[in-house]
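Undergrad: The structure file start-v8.pdb (PDB, C-alpha atoms and all ligand atoms) is provided below.
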```pdb
ATOM      1  CA  MET A  12     -14.565  20.648  -7.546
ATOM      2  CA  LYS A  13     -14.545  17.018  -6.846
ATOM      3  CA  ARG A  14     -16.981  14.205  -6.578
ATOM      4  CA  ILE A  15     -16.840  12.159  -3.445
ATOM      5  CA  LYS A  16     -17.200   8.428  -3.347
ATOM      6  CA  THR A  17     -16.866   7.471   0.246
ATOM      7  CA  ARG A  18     -16.752   3.732  -0.185
ATOM      8  CA  ALA A  19     -14.923   3.215  -3.448
ATOM      9  CA  ILE A  20     -13.845  -0.370  -3.465
ATOM     10  CA  ARG A  21     -10.314   0.033  -4.640
ATOM     11  CA  ALA A  22      -8.029  -1.556  -2.194
ATOM     12  CA  LEU A  23      -5.422  -4.118  -1.723
ATOM     13  CA  LEU A  24      -3.734  -5.821   1.075
ATOM     14  CA  ALA A  25      -0.554  -7.190   2.367
ATOM     15  CA  ILE A  26      -1.179 -10.712   3.371
ATOM     16  CA  LEU A  27       0.422 -13.485   5.253
ATOM     17  CA  VAL A  28      -0.248 -16.850   3.744
ATOM     18  CA  THR A  29      -0.253 -19.388   6.487
ATOM     19  CA  THR A  30       1.813 -22.128   4.871
ATOM     20  CA  PRO A  31       4.610 -22.266   2.294
ATOM     21  CA  LEU A  32       2.365 -24.409   0.112
ATOM     22  CA  LEU A  33      -0.240 -21.688   0.008
ATOM     23  CA  VAL A  34       2.381 -19.171  -1.017
ATOM     24  CA  VAL A  35       2.923 -21.224  -4.142
ATOM     25  CA  MET A  36      -0.766 -21.798  -4.733
ATOM     26  CA  THR A  37      -1.630 -18.128  -4.524
ATOM     27  CA  SER A  38       1.178 -16.923  -6.798
ATOM     28  CA  THR A  39      -1.150 -16.425  -9.731
ATOM     29  CA  GLN A  40       0.250 -13.195 -11.117
ATOM     30  CA  PRO A  41       1.504 -13.384 -14.690
ATOM     31  CA  ALA A  42       5.240 -13.753 -15.250
ATOM     32  CA  PHE A  43       5.534 -10.234 -16.629
ATOM     33  CA  ALA A  44       4.681  -8.791 -13.262
ATOM     34  CA  ASN A  45       2.451  -6.035 -12.189
ATOM     35  CA  TYR A  46      -0.312  -3.849 -13.528
ATOM     36  CA  PHE A  47      -0.568  -0.139 -12.989
ATOM     37  CA  GLY A  48      -3.713   1.908 -12.443
ATOM     38  CA  ASN A  49      -6.132  -0.383 -14.203
ATOM     39  CA  GLY A  50      -5.679  -3.342 -11.888
ATOM     40  CA  CYS A  51      -6.318  -3.111  -8.205
ATOM     41  CA  CYS A  52      -5.475   0.477  -7.661
ATOM     42  CA  THR A  53      -6.692   3.815  -8.879
ATOM     43  CA  PHE A  54      -3.962   6.220  -9.952
ATOM     44  CA  ALA A  55      -2.904   8.968  -7.590
ATOM     45  CA  ASP A  56      -4.303  12.308  -8.743
ATOM     46  CA  ASN A  57      -0.902  13.832  -9.509
ATOM     47  CA  GLY A  58       2.835  13.325  -9.177
ATOM     48  CA  HIS A  59       3.153  15.195  -5.886
ATOM     49  CA  HIS A  60       2.147  12.712  -3.208
ATOM     50  CA  THR A  61       1.333  14.106   0.233
ATOM     51  CA  PHE A  62       1.416  12.075   3.426
ATOM     52  CA  ASN A  63       0.208  12.239   6.990
ATOM     53  CA  TRP A  64       0.873   9.645   9.694
ATOM     54  CA  ASP A  65      -0.206  11.556  12.813
ATOM     55  CA  SER A  66      -2.656   8.799  13.713
ATOM     56  CA  THR A  67      -0.068   6.045  13.965
ATOM     57  CA  GLU A  68       2.238   4.817  16.681
ATOM     58  CA  TYR A  69       5.949   5.448  16.529
ATOM     59  CA  GLY A  70       7.091   2.280  14.746
ATOM     60  CA  THR A  71       4.414   2.561  12.068
ATOM     61  CA  ALA A  72       5.096   6.270  11.641
ATOM     62  CA  LEU A  73       8.781   5.597  11.010
ATOM     63  CA  ALA A  74       7.897   3.010   8.386
ATOM     64  CA  VAL A  75       5.441   5.303   6.599
ATOM     65  CA  GLN A  76       8.027   8.070   6.681
ATOM     66  CA  TYR A  77      10.502   5.651   5.132
ATOM     67  CA  SER A  78       7.998   4.788   2.388
ATOM     68  CA  MET A  79       7.554   8.472   1.631
ATOM     69  CA  SER A  80      11.294   9.065   1.336
ATOM     70  CA  ASN A  81      11.665   5.918  -0.716
ATOM     71  CA  LEU A  82       9.010   7.041  -3.198
ATOM     72  CA  ASN A  83      10.638  10.448  -3.437
ATOM     73  CA  ASN A  84      14.161   9.078  -3.864
ATOM     74  CA  GLN A  85      13.418   6.102  -6.077
ATOM     75  CA  THR A  86      11.019   7.688  -8.558
ATOM     76  CA  ASP A  87      10.176  10.914 -10.369
ATOM     77  CA  MET A  88       7.315  11.560  -7.958
ATOM     78  CA  THR A  89       7.776  14.118  -5.201
ATOM     79  CA  THR A  90       6.493  13.758  -1.661
ATOM     80  CA  GLU A  91       5.700  15.919   1.338
ATOM     81  CA  TRP A  92       4.366  15.550   4.873
ATOM     82  CA  VAL A  93       1.290  17.751   5.300
ATOM     83  CA  VAL A  94      -1.238  18.717   7.923
ATOM     84  CA  PRO A  95      -4.060  16.269   7.211
ATOM     85  CA  SER A  96      -7.009  17.321   5.067
ATOM     86  CA  SER A  97      -9.474  15.747   2.661
ATOM     87  CA  GLN A  98      -6.863  16.121  -0.071
ATOM     88  CA  THR A  99      -3.981  14.380   1.681
ATOM     89  CA  ASP A 100      -2.998  11.635  -0.738
ATOM     90  CA  ASN A 101      -1.754   9.029   1.733
ATOM     91  CA  ARG A 102      -3.276   9.033   5.233
ATOM     92  CA  SER A 103      -2.129   6.329   7.607
ATOM     93  CA  TYR A 104      -3.749   4.897  10.693
ATOM     94  CA  ASP A 105      -2.953   1.967  12.948
ATOM     95  CA  GLN A 106      -5.046   0.039  15.454
ATOM     96  CA  HIS A 107      -5.694  -3.530  16.480
ATOM     97  CA  TYR A 108      -8.148  -4.237  13.690
ATOM     98  CA  THR A 109     -10.413  -7.280  13.673
ATOM     99  CA  THR A 110     -13.365  -6.515  11.350
ATOM    100  CA  TYR A 111     -12.635  -2.975  10.137
ATOM    101  CA  TRP A 112     -13.905  -2.266   6.557
ATOM    102  CA  GLY A 113     -15.632  -5.637   6.773
ATOM    103  CA  LEU A 114     -12.327  -7.446   6.464
ATOM    104  CA  ASP A 115     -11.130 -10.487   8.362
ATOM    105  CA  TRP A 116      -7.919  -8.977   9.713
ATOM    106  CA  ASP A 117      -6.811 -11.960  11.743
ATOM    107  CA  GLY A 118      -7.585 -14.512   9.069
ATOM    108  CA  SER A 119      -9.814 -16.594  11.281
ATOM    109  CA  SER A 120     -12.128 -17.361   8.360
ATOM    110  CA  THR A 121      -9.904 -16.662   5.348
ATOM    111  CA  GLY A 122      -6.581 -18.071   6.531
ATOM    112  CA  TRP A 123      -4.977 -14.748   5.505
ATOM    113  CA  ASN A 124      -3.672 -12.484   8.195
ATOM    114  CA  LEU A 125      -3.900  -8.899   6.929
ATOM    115  CA  TYR A 126      -0.962  -6.746   7.901
ATOM    116  CA  ALA A 127      -2.339  -3.606   6.316
ATOM    117  CA  TYR A 128      -4.939  -2.464   3.827
ATOM    118  CA  ALA A 129      -5.031   0.459   1.400
ATOM    119  CA  LYS A 130      -8.316   1.865   0.151
ATOM    120  CA  CYS A 131      -9.169   4.801  -2.074
ATOM    121  CA  VAL A 132     -11.776   6.697  -0.066
ATOM    122  CA  GLU A 133     -12.229   9.690  -2.365
ATOM    123  CA  THR A 134     -11.908   9.938  -6.129
ATOM    124  CA  THR A 135     -11.616  12.920  -8.456
ATOM    125  CA  LEU A 136     -13.889  13.768 -11.397
ATOM    126  CA  ALA A 137     -11.208  12.367 -13.649
ATOM    127  CA  GLY A 138     -11.453   9.052 -11.837
ATOM    128  CA  ASN A 139      -8.117   9.233 -10.077
ATOM    129  CA  CYS A 140      -7.694   8.946  -6.340
ATOM    130  CA  GLN A 141      -7.842  12.048  -4.196
ATOM    131  CA  GLN A 142      -7.113  10.201  -0.987
ATOM    132  CA  TRP A 143      -5.873   6.766  -0.083
ATOM    133  CA  GLN A 144      -6.455   5.633   3.448
ATOM    134  CA  ILE A 145      -3.988   3.070   4.712
ATOM    135  CA  ARG A 146      -4.599   1.088   7.849
ATOM    136  CA  TYR A 147      -1.897  -0.936   9.601
ATOM    137  CA  ASP A 148      -2.755  -3.698  12.068
ATOM    138  CA  LEU A 149      -0.833  -3.158  15.291
ATOM    139  CA  ALA A 150      -1.093  -6.855  16.060
ATOM    140  CA  ASP A 151       1.408  -7.283  13.238
ATOM    141  CA  MET A 152       3.271  -3.986  13.294
ATOM    142  CA  ASN A 153       4.217  -4.445  16.940
ATOM    143  CA  ARG A 154       5.895  -7.797  16.303
ATOM    144  CA  PHE A 155       7.631  -6.862  13.048
ATOM    145  CA  SER A 156      11.168  -5.597  12.707
ATOM    146  CA  ASN A 157      11.754  -2.091  11.396
ATOM    147  CA  TYR A 158      12.681  -3.600   8.043
ATOM    148  CA  GLN A 159       9.478  -5.640   7.855
ATOM    149  CA  ARG A 160       7.390  -2.590   8.694
ATOM    150  CA  GLN A 161       9.199  -0.744   5.911
ATOM    151  CA  GLN A 162       8.353  -3.535   3.484
ATOM    152  CA  VAL A 163       4.667  -3.293   4.366
ATOM    153  CA  ALA A 164       4.646   0.513   4.132
ATOM    154  CA  CYS A 165       6.469   0.414   0.791
ATOM    155  CA  HIS A 166       3.825  -2.036  -0.433
ATOM    156  CA  GLU A 167       0.822   0.015   0.658
ATOM    157  CA  THR A 168       2.321   3.283  -0.572
ATOM    158  CA  GLY A 169       2.861   1.564  -3.912
ATOM    159  CA  HIS A 170      -0.863   0.797  -4.041
ATOM    160  CA  SER A 171      -1.554   4.448  -3.250
ATOM    161  CA  VAL A 172       0.056   5.557  -6.497
ATOM    162  CA  GLY A 173      -1.534   2.805  -8.607
ATOM    163  CA  LEU A 174       0.769  -0.196  -8.437
ATOM    164  CA  ASP A 175      -0.848  -3.623  -8.321
ATOM    165  CA  HIS A 176       0.822  -6.719  -6.889
ATOM    166  CA  SER A 177       4.085  -7.830  -8.429
ATOM    167  CA  SER A 178       5.396 -11.290  -9.179
ATOM    168  CA  GLU A 179       8.973 -10.052  -8.885
ATOM    169  CA  GLY A 180      10.722 -11.391  -5.828
ATOM    170  CA  ALA A 181      12.618  -8.155  -5.309
ATOM    171  CA  SER A 182       9.558  -5.903  -5.303
ATOM    172  CA  CYS A 183       7.902  -4.741  -2.109
ATOM    173  CA  LEU A 184       4.669  -5.064  -4.112
ATOM    174  CA  ARG A 185       4.971  -8.826  -3.850
ATOM    175  CA  ASN A 186       1.683 -10.163  -2.529
ATOM    176  CA  ALA A 187       3.235 -12.041   0.389
ATOM    177  CA  VAL A 188       5.180  -8.908   1.175
ATOM    178  CA  LEU A 189       7.517 -10.281   3.815
ATOM    179  CA  SER A 190       8.813 -12.817   1.316
ATOM    180  CA  ALA A 191      10.113  -9.968  -0.861
ATOM    181  CA  SER A 192      13.876  -9.653  -0.821
ATOM    182  CA  THR A 193      13.840  -5.858  -0.594
ATOM    183  CA  ASN A 194      11.928  -2.962   0.922
ATOM    184  CA  TYR A 195      11.760  -0.917  -2.261
ATOM    185  CA  TYR A 196      10.519  -0.850  -5.875
ATOM    186  CA  THR A 197      12.045  -2.657  -8.831
ATOM    187  CA  SER A 198      13.000  -1.033 -12.132
ATOM    188  CA  HIS A 199       9.719  -2.410 -13.497
ATOM    189  CA  ASP A 200       7.763  -0.672 -10.729
ATOM    190  CA  ARG A 201       9.703   2.538 -11.257
ATOM    191  CA  GLY A 202       9.115   2.357 -14.993
ATOM    192  CA  HIS A 203       5.365   2.416 -14.430
ATOM    193  CA  ILE A 204       5.554   5.347 -12.020
ATOM    194  CA  ASN A 205       8.032   7.426 -14.010
ATOM    195  CA  GLY A 206       6.159   6.776 -17.234
ATOM    196  CA  ARG A 207       3.148   8.560 -15.800
ATOM    197  CA  TRP A 208       4.733  11.203 -13.635
TER     198      TRP A 208
HETATM  199 ZN    ZN B 301      -1.201  -5.455  -1.652
END
```
Could I get this structure in the form of structure tokens?
Ligand SMILES: [Zn+2]
TA:
Amino acid sequence: MKRIKTRAIRALLAILVTTPLLVVMTSTQPAFANYFGNGCCTFADNGHHTFNWDSTEYGTALAVQYSMSNLNNQTDMTTEWVVPSSQTDNRSYDQHYTTYWGLDWDGSSTGWNLYAYAKCVETTLAGNCQQWQIRYDLADMNRFSNYQRQQVACHETGHSVGLDHSSEGASCLRNAVLSASTNYYTSHDRGHINGRW
């Protein structure tokens, strides 16, 4: 049995800050880096994380597939592609979004161009997340390199297990994700994940 909350506001985003100055101004995370579960992002419901990316274009699908393998290889969690259902943990979509979920995807009013957004759309009785929905903006995905798409997918998949933004330059959970130096998780990120699962 599970309780359904269709609009749980638990989501985070990969953003592009429009100027280098703003990158500095928005780096407000504490020096000890990221939170887990009790910050932005509800915990995944268990350590086996299932994925489906049928509703994405080829480049996005490859990146999501990378993020699944990365989670499986880098951490104690296990992953699996599944036929989509209400219990699929990480469901990806891509479109040219402008106002979806009430967000300003192009940054015309906020100055932040959203590359992607992860949202917990269904929680369990225990308060963990049954399903994260992740939406990728094709306006950005189509101009990114494979590596940049992998950085964004790594970031959003990190949110889907409970990771908040990181202040570590090597973490794909860095808020301005394309400024991260890698497309994977740091030992700090992995410590959070492996400590729970
Ligand atoms: Zn984020």
Undergrad: As number ranges by chain, please: the residues near stretch 155-164 of chain A (cut-off 12 Å, only C-alpha atoms, same-chain neighbours under 5 positions excluded).
TA: A: 23-27, 64, 69-82, 101-105, 125-129, 145-150, 169-171, 181-196
Undergrad: So that I can see what lies close to A:Cys140, please list as a list in words the residues with an atom at most 6 Å from it, counting all atoms listed in the file and leaving out residues fewer than 4 positions away in the same chain.
TA: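 What passes the distance filter is Thr53, Phe54, Ala55, Asp56, Thr134 and Thr135 of chain A.
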Undergrad: Which one is closest to A:Gln106: A:Glu68, A:Glu133, A:Asp175, A:Asp200? Count all atoms listed in the file.
TA: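 Going through A:Glu68, A:Glu133, A:Asp175, A:Asp200 one by one, the smallest distance to A:Gln106 is for A:Glu68.
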Undergrad: Excluding same-chain residues fewer than 3 positions from A:Ser97, what lies within 9 Å of it counting all atoms listed in the file, as a PyMOL selection string?
TA: chain A and resi 100+133+141-142
Undergrad: I would like the residues chosen by the PyMOL selection byres (((chain A and resi 117) around 12) and not hetatm) on the shown file; could you give them as a JSON list (two decimals) with C-alpha atoms, keeping the file's coordinate frame?
TA:
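This went into out-v1.json:
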```
[["chain", "number", "residue", "atom", "x", "y", "z"],
["A", 26, "ILE", "CA", -1.18, -10.71, 3.37],
["A", 27, "LEU", "CA", 0.42, -13.48, 5.25],
["A", 28, "VAL", "CA", -0.25, -16.85, 3.74],
["A", 29, "THR", "CA", -0.25, -19.39, 6.49],
["A", 107, "HIS", "CA", -5.69, -3.53, 16.48],
["A", 108, "TYR", "CA", -8.15, -4.24, 13.69],
["A", 109, "THR", "CA", -10.41, -7.28, 13.67],
["A", 110, "THR", "CA", -13.36, -6.52, 11.35],
["A", 111, "TYR", "CA", -12.64, -2.98, 10.14],
["A", 113, "GLY", "CA", -15.63, -5.64, 6.77],
["A", 114, "LEU", "CA", -12.33, -7.45, 6.46],
["A", 115, "ASP", "CA", -11.13, -10.49, 8.36],
["A", 116, "TRP", "CA", -7.92, -8.98, 9.71],
["A", 118, "GLY", "CA", -7.58, -14.51, 9.07],
["A", 119, "SER", "CA", -9.81, -16.59, 11.28],
["A", 120, "SER", "CA", -12.13, -17.36, 8.36],
["A", 121, "THR", "CA", -9.90, -16.66, 5.35],
["A", 122, "GLY", "CA", -6.58, -18.07, 6.53],
["A", 123, "TRP", "CA", -4.98, -14.75, 5.50],
["A", 124, "ASN", "CA", -3.67, -12.48, 8.20],
["A", 125, "LEU", "CA", -3.90, -8.90, 6.93],
["A", 126, "TYR", "CA", -0.96, -6.75, 7.90],
["A", 127, "ALA", "CA", -2.34, -3.61, 6.32],
["A", 148, "ASP", "CA", -2.76, -3.70, 12.07],
["A", 149, "LEU", "CA", -0.83, -3.16, 15.29],
["A", 150, "ALA", "CA", -1.09, -6.86, 16.06],
["A", 151, "ASP", "CA", 1.41, -7.28, 13.24]]
```
Undergrad: Could you jot down the atom CA of A:His176 to atom CA of A:Thr89 separation for me, Å, one decimal place?
TA: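 Computing it gives 22.0 Å between the two atoms.
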Undergrad: With distances taken over all atoms listed in the file, which of A:Glu179, A:Asp87, A:Glu167, A:Asp65 is nearest to ligand ZN 301 (chain B)?
TA: A:Glu167
Undergrad: If I take atom CA of A:Cys51 and atom CA of A:Gln85, how far is one from the other in Å, to one decimal?
TA: 21.9 Å
Undergrad: Counting only C-alpha atoms, what is within 8 Å of A:His59, bar same-chain residues fewer than 5 positions away, as number ranges by chain?
TA: A: 88-91
Undergrad: Take the residues that were just selected and, keeping C-alpha atoms, output them as a compact mmCIF listing (two decimals), in the coordinates of the input.
TA:
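The file below, out31.txt, is the result:
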```txt
# COMPACT_ATOMS: atom_id res chain seq x y z
CA MET A 88 7.32 11.56 -7.96
CA THR A 89 7.78 14.12 -5.20
CA THR A 90 6.49 13.76 -1.66
CA GLU A 91 5.70 15.92 1.34
```
Undergrad: Have a look at atom CA of A:Asn49 and atom CA of A:Gly173 and let me know their distance in Å, one decimal.
TA: 7.9 Å
